[in-house]
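Working notes for the structure below.
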Amino acid sequence: MTTPDEIAQAEYALAQLGGFAMQRHILLCAGPDKDKCAPRAKGEESWAFLKKRLGELKLGGAQGVLRNKVGCLRVCVAGPIAVVYPDEVWYHSCTPEVLERVLQEHVIGGVPVEDFRLHPPAA
């Protein structure tokens, strides 16, 4: 059972992240578990870039943009894959160059980067 102290620690950590004031949340697959995923080195390079660049742009954490590294987004064959919430926009081939465009055009500018956007096929 979770203790009241553990809950208080989690709530404090949430406050440090900006609580629910986030504008966007970027999930990036890096550190894959399966062969069909993007190579681990590519994902780690993209993750390092995303962390650094959000800080440089003063967008990270309490400034409104959260980021998480995930092991698998289940579509990683064209990865690294990123998904931006709450917009539910998925991106393929997320190299540092592509992530820079995502940050500048989508996160800052509000317009998804269609060149790298994933669209599910029409049913």
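Each chain in the structure tokens gets a letter, A, B and so on, in the order shown; residues start at 1 in every chain, and ligands are counted from 1 in the order they appear.
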
What's the 8 Å shell around region 109-119 of chain A, counting only C-alpha atoms, without same-chain residues fewer than 2 positions away, as a short mmCIF file (atom, residue, chain, number, x, y, z; two decimals) with C-alpha atoms, in the first residue's frame?
```cif
data_model
loop_
_atom_site.label_atom_id
_atom_site.label_comp_id
_atom_site.auth_asym_id
_atom_site.auth_seq_id
_atom_site.Cartn_x
_atom_site.Cartn_y
_atom_site.Cartn_z
CA VAL A 89 0.59 14.18 -33.13
CA TRP A 90 2.99 11.33 -33.89
CA TYR A 91 6.34 11.82 -35.66
CA HIS A 92 8.74 9.40 -37.33
CA SER A 93 12.50 9.64 -37.96
CA VAL A 98 13.68 16.64 -36.92
CA ARG A 101 11.70 21.36 -36.29
CA VAL A 102 9.11 19.80 -33.98
CA GLN A 104 10.27 25.27 -33.34
CA GLU A 105 7.29 24.68 -35.61
CA HIS A 106 4.93 22.61 -33.45
CA VAL A 107 5.72 23.24 -29.80
CA PRO A 121 -4.34 4.72 -42.89
#
```

How would you write, as a ChimeraX atom specification, the set of residues in chain A that DSSP gives as alpha helix (DSSP H)?
/A:4-16,40-56,96-101

Output for the residues just chosen: C-alpha atoms as a tab-separated table (two decimals), in the first residue's frame:
```
chain	number	residue	atom	x	y	z
A	4	PRO	CA	0.85	9.11	2.90
A	5	ASP	CA	4.54	10.10	2.91
A	6	GLU	CA	5.06	8.53	-0.54
A	7	ILE	CA	2.00	10.33	-1.86
A	8	ALA	CA	3.30	13.63	-0.45
A	9	GLN	CA	6.68	13.01	-2.14
A	10	ALA	CA	4.95	12.30	-5.46
A	11	GLU	CA	2.85	15.45	-5.15
A	12	TYR	CA	5.98	17.48	-4.41
A	13	ALA	CA	7.68	15.99	-7.49
A	14	LEU	CA	4.62	16.85	-9.57
A	15	ALA	CA	4.75	20.44	-8.36
A	16	GLN	CA	8.44	20.62	-9.36
A	40	ARG	CA	19.46	2.34	-29.52
A	41	ALA	CA	22.25	4.81	-30.40
A	42	LYS	CA	19.87	6.88	-32.56
A	43	GLY	CA	17.26	7.00	-29.82
A	44	GLU	CA	19.79	7.96	-27.15
A	45	GLU	CA	21.21	10.72	-29.37
A	46	SER	CA	17.72	12.12	-29.95
A	47	TRP	CA	16.87	11.89	-26.23
A	48	ALA	CA	20.05	13.74	-25.22
A	49	PHE	CA	19.25	16.44	-27.79
A	50	LEU	CA	15.64	16.82	-26.65
A	51	LYS	CA	16.61	17.21	-22.98
A	52	LYS	CA	19.35	19.73	-23.77
A	53	ARG	CA	17.34	21.73	-26.28
A	54	LEU	CA	14.25	22.08	-24.08
A	55	GLY	CA	16.54	23.54	-21.42
A	56	GLU	CA	18.23	25.91	-23.87
A	96	PRO	CA	17.96	15.89	-33.57
A	97	GLU	CA	17.28	17.83	-36.78
A	98	VAL	CA	13.68	16.64	-36.92
A	99	LEU	CA	13.17	17.29	-33.21
A	100	GLU	CA	14.43	20.84	-33.69
A	101	ARG	CA	11.70	21.36	-36.29
```

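Using only C-alpha atoms, the nearest neighbour of Val70 (chain A) within the list A:Ala122, A:Val83, A:Leu27, A:Cys94 is A:Leu27.
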
Find the residues near Pro86 (chain A): any atom within 10 Å, counting only C-alpha atoms, skip ones fewer than 6 places away on the same chain, and give them as a list in words.
Met22, Gln23, Arg24, His25 and Ile26 of chain A

Find the residues around Ala38 (chain A) up to 6 Å (only C-alpha atoms counted), leave out those fewer than 2 positions away in its own chain, and share them as an mmCIF file with C-alpha atoms, in the first residue's frame.
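Result file follows (selection_38.cif):
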```cif
data_model
loop_
_atom_site.group_PDB
_atom_site.id
_atom_site.type_symbol
_atom_site.label_atom_id
_atom_site.label_comp_id
_atom_site.auth_asym_id
_atom_site.auth_seq_id
_atom_site.Cartn_x
_atom_site.Cartn_y
_atom_site.Cartn_z
ATOM 1 C CA VAL A 77 10.162 0.641 -36.986
ATOM 2 C CA GLY A 79 11.886 5.594 -35.332
ATOM 3 C CA PRO A 80 12.852 7.128 -33.216
#
```

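In terms of minimum interatomic distance to Gly31 (chain A), A:Cys72 ranks closest within A:Val84, A:Ala78, A:Ile108, A:Cys72, counting only C-alpha atoms.
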
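With distances restricted to only C-alpha atoms, A:Val65 is the closest residue to Tyr85 (chain A) from A:Leu103, A:Val65, A:Leu57, A:Cys37.
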
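Remark: for Val75 (chain A), the closest of the candidate residues A:Pro39, A:Gln63, A:Cys29, A:Lys58 is A:Cys29 (distances computed over only C-alpha atoms).
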
Between CA of Thr95 (chain A) and CA of Ala82 (chain A), distance in Å (one decimal):
10.1 Å

From a DSSP pass on the backbone, collect the residues of region 45-102 of chain A flagged as strand (DSSP E) and hand them back as a list in words.
Val65, Leu66, Arg67, Asn68, Lys69, Val70, Ala82, Val83, Val84, Tyr85, Val89, Trp90 and Tyr91 of chain A

Just-selected residues, C-alpha atoms written as a compact mmCIF listing (two decimals), in the first residue's frame:
```txt
# COMPACT_ATOMS: atom_id res chain seq x y z
CA VAL A 65 6.83 21.19 -21.79
CA LEU A 66 7.35 17.82 -20.15
CA ARG A 67 9.36 15.05 -21.78
CA ASN A 68 9.62 11.35 -21.16
CA LYS A 69 11.79 8.63 -22.63
CA VAL A 70 9.84 5.46 -23.27
CA ALA A 82 7.85 10.92 -30.82
CA VAL A 83 4.31 11.78 -29.84
CA VAL A 84 3.23 15.25 -28.70
CA TYR A 85 0.30 15.52 -26.31
CA VAL A 89 0.59 14.18 -33.13
CA TRP A 90 2.99 11.33 -33.89
CA TYR A 91 6.34 11.82 -35.66
```
